[in-house]
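**Q** Sending over entry-v1.cif (mmCIF, C-alpha atoms).
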data_run
loop_
_atom_site.label_atom_id
_atom_site.label_comp_id
_atom_site.auth_asym_id
_atom_site.auth_seq_id
_atom_site.Cartn_x
_atom_site.Cartn_y
_atom_site.Cartn_z
CA MET A 1486 -50.50 72.70 -134.73
CA ASN A 1487 -52.10 75.48 -132.68
CA LEU A 1488 -54.34 76.76 -135.41
CA PHE A 1489 -57.11 78.34 -133.39
CA SER A 1490 -57.93 81.89 -134.34
CA ARG A 1491 -60.98 84.10 -134.16
CA SER A 1492 -63.82 82.41 -136.03
CA THR A 1493 -67.57 82.42 -136.15
CA ALA A 1494 -69.79 79.46 -136.91
CA ARG A 1495 -73.08 79.68 -138.74
CA ARG A 1496 -74.51 82.09 -136.18
CA ALA A 1497 -72.45 84.62 -134.24
CA ILE A 1498 -72.31 84.43 -130.45
CA ALA A 1499 -73.99 87.48 -128.99
CA SER A 1500 -70.90 88.73 -127.15
CA ALA A 1501 -67.70 90.58 -127.82
CA ALA A 1502 -64.77 88.62 -129.14
CA PRO A 1503 -62.35 87.59 -126.38
CA ALA A 1504 -59.24 89.62 -125.73
CA ALA A 1505 -55.94 88.30 -127.04
CA PRO A 1506 -54.69 85.75 -124.50
CA THR A 1507 -51.28 85.57 -122.92
CA THR A 1508 -49.13 82.48 -122.71
CA ARG A 1509 -46.54 81.29 -120.20
CA ALA A 1510 -43.60 79.56 -121.86
CA THR A 1511 -42.74 76.13 -120.55
CA SER A 1512 -39.37 75.54 -118.95
CA GLY A 1513 -36.70 73.03 -119.85
CA ALA A 1514 -35.14 71.96 -123.10
CA VAL A 1515 -37.03 72.67 -126.29
CA ALA A 1516 -37.12 70.35 -129.30
CA LEU A 1517 -36.22 72.19 -132.47
CA PRO A 1518 -39.34 72.68 -134.64
CA ASP A 1519 -39.52 71.82 -138.31
CA PRO A 1520 -37.83 74.76 -140.12
CA GLY A 1521 -40.69 74.76 -142.60
CA LEU A 1522 -43.11 75.79 -139.84
CA ALA A 1523 -41.40 79.16 -139.43
CA ALA A 1524 -43.21 80.40 -142.54
CA LEU A 1525 -46.54 79.70 -140.83
CA THR A 1526 -45.92 82.15 -137.98
CA GLY A 1527 -48.82 84.58 -137.59
CA GLU A 1528 -52.57 84.84 -137.09
CA TRP A 1529 -55.05 82.25 -138.36
CA ILE A 1530 -58.84 81.90 -138.46
CA VAL A 1531 -60.83 78.69 -138.17
CA ASP A 1532 -62.84 77.66 -141.22
CA PRO A 1533 -66.17 76.64 -139.59
CA ALA A 1534 -67.31 74.78 -142.71
CA HIS A 1535 -64.45 72.31 -142.31
CA SER A 1536 -63.95 72.29 -138.54
CA ARG A 1537 -65.65 70.63 -135.60
CA ILE A 1538 -65.43 71.22 -131.85
CA GLY A 1539 -67.14 68.24 -130.29
CA PHE A 1540 -67.31 65.69 -127.50
CA SER A 1541 -68.17 62.09 -126.83
CA VAL A 1542 -69.39 60.37 -123.66
CA ARG A 1543 -70.34 56.82 -122.77
CA HIS A 1544 -74.10 56.31 -122.25
CA ALA A 1545 -75.66 53.45 -120.28
CA MET A 1546 -72.19 51.82 -120.29
CA VAL A 1547 -72.80 50.25 -123.72
CA SER A 1548 -73.08 53.11 -126.25
CA THR A 1549 -71.40 56.43 -127.02
CA VAL A 1550 -73.19 59.76 -127.49
CA ARG A 1551 -71.40 62.27 -129.72
CA GLY A 1552 -72.15 65.95 -130.07
CA ALA A 1553 -70.67 69.30 -131.05
CA PHE A 1554 -70.92 73.02 -130.38
CA THR A 1555 -71.94 74.76 -133.59
CA GLU A 1556 -71.34 78.35 -132.43
CA PHE A 1557 -67.90 79.43 -131.34
CA GLU A 1558 -65.31 82.16 -131.49
CA SER A 1559 -61.58 81.65 -131.12
CA ARG A 1560 -58.17 83.24 -131.55
CA LEU A 1561 -54.79 81.79 -132.39
CA TYR A 1562 -51.30 83.04 -132.80
CA PHE A 1563 -48.96 80.33 -134.08
CA ASP A 1564 -45.20 80.76 -133.73
CA GLY A 1565 -43.48 78.28 -136.01
CA ARG A 1566 -40.01 79.29 -134.83
CA ASP A 1567 -40.80 78.70 -131.17
CA PRO A 1568 -44.11 76.85 -130.60
CA ARG A 1569 -43.93 77.72 -126.88
CA ARG A 1570 -44.93 81.26 -127.83
CA SER A 1571 -48.13 80.12 -129.54
CA ARG A 1572 -51.41 80.92 -127.82
CA ALA A 1573 -55.11 80.22 -128.18
CA GLU A 1574 -58.46 81.20 -126.76
CA VAL A 1575 -61.77 79.49 -127.55
CA LEU A 1576 -65.27 80.63 -126.59
CA LEU A 1577 -68.15 78.18 -127.12
CA SER A 1578 -71.87 78.94 -126.92
CA THR A 1579 -73.43 76.40 -124.56
CA ALA A 1580 -76.83 76.91 -126.23
CA SER A 1581 -75.39 75.66 -129.53
CA VAL A 1582 -74.81 72.07 -128.36
CA GLN A 1583 -76.17 69.50 -130.80
CA THR A 1584 -76.25 65.70 -130.50
CA GLY A 1585 -78.87 64.92 -133.13
CA VAL A 1586 -81.68 64.42 -130.60
CA GLU A 1587 -83.65 67.55 -129.68
CA GLN A 1588 -84.87 66.26 -126.32
CA ARG A 1589 -81.34 65.33 -125.30
CA ASP A 1590 -80.00 68.70 -126.47
CA ASP A 1591 -82.60 70.49 -124.33
CA HIS A 1592 -81.56 68.40 -121.33
CA LEU A 1593 -77.89 69.24 -121.88
CA MET A 1594 -78.71 72.96 -122.09
CA GLY A 1595 -80.82 72.75 -118.92
CA ARG A 1596 -79.87 73.12 -115.26
CA ASP A 1597 -78.88 69.46 -114.88
CA PHE A 1598 -75.89 70.01 -117.15
CA LEU A 1599 -74.64 73.18 -118.89
CA ASP A 1600 -77.39 75.56 -117.67
CA ALA A 1601 -77.06 77.66 -120.81
CA ARG A 1602 -79.22 80.53 -119.52
CA ALA A 1603 -77.07 81.12 -116.47
CA PHE A 1604 -73.75 80.18 -118.10
CA PRO A 1605 -73.90 81.02 -121.81
CA HIS A 1606 -70.26 80.23 -122.58
CA ILE A 1607 -67.54 77.63 -122.15
CA ARG A 1608 -64.06 79.14 -122.37
CA PHE A 1609 -60.57 77.73 -122.92
CA ILE A 1610 -57.49 79.94 -122.57
CA SER A 1611 -54.04 78.51 -123.21
CA THR A 1612 -51.31 78.98 -120.60
CA ALA A 1613 -48.37 77.04 -122.04
CA VAL A 1614 -47.32 75.04 -125.11
CA GLU A 1615 -44.59 72.43 -125.39
CA THR A 1616 -43.33 70.12 -128.12
CA ALA A 1617 -44.07 66.46 -127.38
CA GLY A 1618 -42.67 64.91 -130.56
CA PRO A 1619 -42.62 65.33 -134.35
CA ASP A 1620 -45.80 67.26 -135.21
CA VAL A 1621 -47.17 66.60 -131.71
CA TYR A 1622 -47.70 69.28 -129.07
CA ARG A 1623 -49.22 69.69 -125.63
CA MET A 1624 -51.20 72.84 -124.94
CA ALA A 1625 -52.00 73.48 -121.29
CA GLY A 1626 -54.80 75.85 -120.46
CA ASP A 1627 -57.69 76.83 -118.23
CA LEU A 1628 -61.13 75.44 -119.06
CA THR A 1629 -64.14 77.26 -117.60
CA ILE A 1630 -67.55 75.58 -117.46
CA ARG A 1631 -70.40 76.95 -115.31
CA ASP A 1632 -67.95 79.52 -113.89
CA VAL A 1633 -65.67 76.75 -112.60
CA THR A 1634 -62.12 77.00 -113.98
CA ARG A 1635 -59.75 74.05 -113.93
CA PRO A 1636 -56.54 73.20 -115.82
CA VAL A 1637 -56.53 70.82 -118.78
CA VAL A 1638 -53.95 69.67 -121.33
CA LEU A 1639 -54.79 69.24 -125.01
CA GLU A 1640 -52.84 66.72 -127.09
CA LEU A 1641 -52.46 68.29 -130.53
CA THR A 1642 -51.27 66.74 -133.78
CA TYR A 1643 -50.26 69.01 -136.64
CA ILE A 1644 -51.63 67.56 -139.89
CA GLY A 1645 -50.06 69.80 -142.52
CA HIS A 1646 -50.64 72.86 -144.67
CA VAL A 1647 -51.46 73.58 -148.29
CA THR A 1648 -52.38 76.45 -150.59
CA ASP A 1649 -55.88 75.88 -151.91
CA PRO A 1650 -57.02 76.62 -155.51
CA PHE A 1651 -58.19 80.09 -154.40
CA GLY A 1652 -54.77 81.06 -153.06
CA TYR A 1653 -55.55 80.70 -149.36
CA GLN A 1654 -53.05 79.08 -147.02
CA ARG A 1655 -54.72 76.31 -145.03
CA ALA A 1656 -53.44 74.23 -142.13
CA GLY A 1657 -55.00 71.65 -139.88
CA PHE A 1658 -54.63 69.77 -136.64
CA ASP A 1659 -56.47 67.31 -134.45
CA GLY A 1660 -56.69 67.79 -130.71
CA THR A 1661 -58.19 65.88 -127.82
CA THR A 1662 -58.40 65.78 -124.05
CA THR A 1663 -60.49 63.86 -121.53
CA ILE A 1664 -62.08 65.53 -118.51
CA ASN A 1665 -64.10 64.43 -115.50
CA ARG A 1666 -67.28 66.50 -115.80
CA SER A 1667 -68.01 66.33 -112.07
CA GLU A 1668 -64.94 68.51 -111.45
CA TRP A 1669 -66.83 71.33 -113.20
CA GLY A 1670 -70.05 70.77 -111.24
CA LEU A 1671 -71.76 68.60 -113.87
CA THR A 1672 -72.82 65.94 -111.41
CA TYR A 1673 -76.25 64.89 -112.71
CA ASN A 1674 -76.62 61.14 -113.15
CA ALA A 1675 -78.91 58.14 -112.75
CA ARG A 1676 -77.98 54.65 -111.62
CA LEU A 1677 -78.61 51.56 -113.72
CA ALA A 1678 -80.33 48.48 -112.31
CA GLU A 1679 -77.29 46.39 -113.27
CA GLY A 1680 -74.98 48.87 -111.55
CA GLY A 1681 -73.01 51.73 -112.98
CA ALA A 1682 -74.08 55.15 -114.18
CA LEU A 1683 -76.38 56.18 -117.01
CA VAL A 1684 -73.87 58.83 -118.18
CA SER A 1685 -70.13 58.44 -117.72
CA GLU A 1686 -68.28 61.13 -115.80
CA LYS A 1687 -65.48 60.99 -118.37
CA VAL A 1688 -66.02 63.23 -121.39
CA ARG A 1689 -63.66 63.28 -124.37
CA LEU A 1690 -63.32 66.69 -126.03
CA GLN A 1691 -62.35 66.72 -129.71
CA PHE A 1692 -60.98 69.51 -131.90
CA ASP A 1693 -60.89 68.84 -135.65
CA ILE A 1694 -59.62 72.13 -136.97
CA ALA A 1695 -58.99 73.52 -140.44
CA ALA A 1696 -57.54 77.02 -140.35
CA ILE A 1697 -57.01 79.76 -142.91
CA ARG A 1698 -54.19 82.25 -142.55
CA THR A 1699 -55.24 85.87 -142.22
CA ALA A 1700 -53.61 88.63 -144.20
CA PRO A 1701 -51.18 90.68 -142.08
CA THR A 1702 -52.42 94.11 -141.09
CA ALA A 1703 -50.63 97.12 -142.55
#
Represent the structure contained in this file as structure tokens.
**A**
Amino acid sequence: MNLFSRSTARRAIASAAPAAPTTRATSGAVALPDPGLAALTGEWIVDPAHSRIGFSVRHAMVSTVRGAFTEFESRLYFDGRDPRRSRAEVLLSTASVQTGVEQRDDHLMGRDFLDARAFPHIRFISTAVETAGPDVYRMAGDLTIRDVTRPVVLELTYIGHVTDPFGYQRAGFDGTTTINRSEWGLTYNARLAEGGALVSEKVRLQFDIAAIRTAPTA
């Protein structure tokens, strides 16, 4: 499930790694986790070669633009005995956004959208985790874009774990949430002649994560 940990993509972000986050436990009854998950308790790192932190947004009301952030750092502590105690922090480089079209990427990094020079990072810090069903979790947290911080909830599905041929423990999950970009000050748009907006205000964030367990420190 919550398999974020400190990781670096192909190029490191020119900043210090974020401090270990804190998490507020959710209240109410707790579903008992799979006993097999207890063995996964500990620190993990994201494998950038097999992970993707991306987004999708409707364009011109008839097509979907997909992109990803190729530079990121993150931290995870997963508690398999009590998932409420798990925590995560993710730091994305806004200048690393890629959609496959250079002109569009430049526009996204410009002042109309992410303004990467003024706001070099997007940050997510978890605040609570709860079990939503078998292998399904909800992670609440604070998402900061352009220095605006608002709460979001990620829907996370635990995929499974294996030991690879090199002896590394690997685990994976898929996560998603949908935000209204205007709530973070991303209000640029153009109107279509037929009505409607050129770029939808709804943006779907996607986390396709493969994680590798780190060796415990002595």
**Q** I'd like the residues picked by the PyMOL selection byres ((chain A and resi 1562-1576) around 6) written out as a PyMOL selection string, using the chain letters and numbers from the file.
**A** chain A and resi 1487+1489+1508+1510+1522-1523+1525-1528+1557-1561+1577+1607-1611+1614-1615
**Q** Provide an axis-aligned box for all listed atoms of segment 1664-1673 of chain A, padding each side by 6 Å; report its centre and its edge lengths in Å to one decimal, as lines of an AutoDock Vina configuration file.
**A**
center_x = -69.2
center_y = 67.9
center_z = -114.9
size_x = 26.2
size_y = 18.9
size_z = 19.3
**Q** Which polymer residues have any atom within 6 Å of an atom of segment 1660-1668 of chain A, counting all atoms listed in the file, with same-chain residues fewer than 3 positions away left out, as a PyMOL selection string?
**A** chain A and resi 1639-1641+1671-1672+1686-1692
**Q** Running the PyMOL selection byres ((chain A and resi 1620) around 7) on this model by hand, what would come out? Give it as a ChimeraX atom specification.
**A** /A:1618-1619,1621-1622,1642-1643
**Q** Counting all atoms listed in the file, which residue out of A:Gln1588, A:Ser1685, A:Thr1648, A:Thr1555 sits closest to Ser1541 of chain A?
**A**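 Going through A:Gln1588, A:Ser1685, A:Thr1648, A:Thr1555 one by one, the smallest distance to Ser1541 of chain A is for A:Ser1685.
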**Q** Enumerate, as a CSV table (one decimal) with C-alpha atoms, in the coordinates of the input, the protein, DNA and RNA residues whose atoms approach (-54.5, 67.1, -137.6) to within 7 Å, taking into account only C-alpha atoms and the coordinate frame of the file.
**A**
chain,number,residue,atom,x,y,z
A,1642,THR,CA,-51.3,66.7,-133.8
A,1643,TYR,CA,-50.3,69.0,-136.6
A,1644,ILE,CA,-51.6,67.6,-139.9
A,1657,GLY,CA,-55.0,71.6,-139.9
A,1658,PHE,CA,-54.6,69.8,-136.6
A,1659,ASP,CA,-56.5,67.3,-134.4
A,1693,ASP,CA,-60.9,68.8,-135.6
**Q** Using the chain letters and numbers from the file, which residues does the PyMOL selection byres ((chain A and resi 1551) around 9) grab, as a list in words?
**A** Gly1539, Phe1540, Ser1541, Val1542, Arg1543, Thr1549, Val1550, Gly1552, Ala1553, Gln1583, Thr1584 and Gly1585 of chain A
**Q** Can those selected residues be exported to a file as an mmCIF file, in the frame of the given file so that it contains C-alpha atoms?
**A**
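Output saved as selection_1.cif:
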data_model
loop_
_atom_site.group_PDB
_atom_site.id
_atom_site.type_symbol
_atom_site.label_atom_id
_atom_site.label_comp_id
_atom_site.auth_asym_id
_atom_site.auth_seq_id
_atom_site.Cartn_x
_atom_site.Cartn_y
_atom_site.Cartn_z
ATOM 1 C CA GLY A 1539 -67.140 68.240 -130.290
ATOM 2 C CA PHE A 1540 -67.310 65.690 -127.500
ATOM 3 C CA SER A 1541 -68.170 62.090 -126.830
ATOM 4 C CA VAL A 1542 -69.390 60.370 -123.660
ATOM 5 C CA ARG A 1543 -70.340 56.820 -122.770
ATOM 6 C CA THR A 1549 -71.400 56.430 -127.020
ATOM 7 C CA VAL A 1550 -73.190 59.760 -127.490
ATOM 8 C CA GLY A 1552 -72.150 65.950 -130.070
ATOM 9 C CA ALA A 1553 -70.670 69.300 -131.050
ATOM 10 C CA GLN A 1583 -76.170 69.500 -130.800
ATOM 11 C CA THR A 1584 -76.250 65.700 -130.500
ATOM 12 C CA GLY A 1585 -78.870 64.920 -133.130
#
**Q** Residues within 8 Å of Pro1636 of chain A, please, as a CSV table (one decimal) with C-alpha atoms, in the coordinates of the input. Count all atoms listed in the file; anything in the same chain fewer than 2 positions from it doesn't count.
**A**
chain,number,residue,atom,x,y,z
A,1625,ALA,CA,-52.0,73.5,-121.3
A,1626,GLY,CA,-54.8,75.8,-120.5
A,1627,ASP,CA,-57.7,76.8,-118.2
A,1628,LEU,CA,-61.1,75.4,-119.1
A,1634,THR,CA,-62.1,77.0,-114.0
A,1638,VAL,CA,-54.0,69.7,-121.3
**Q** Between atom CA of Gly1652 of chain A and atom CA of Met1624 of chain A, what is the spacing in Å?
**A**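 For atom CA of Met1624 of chain A relative to atom CA of Gly1652 of chain A, the distance reads 29.5 Å.
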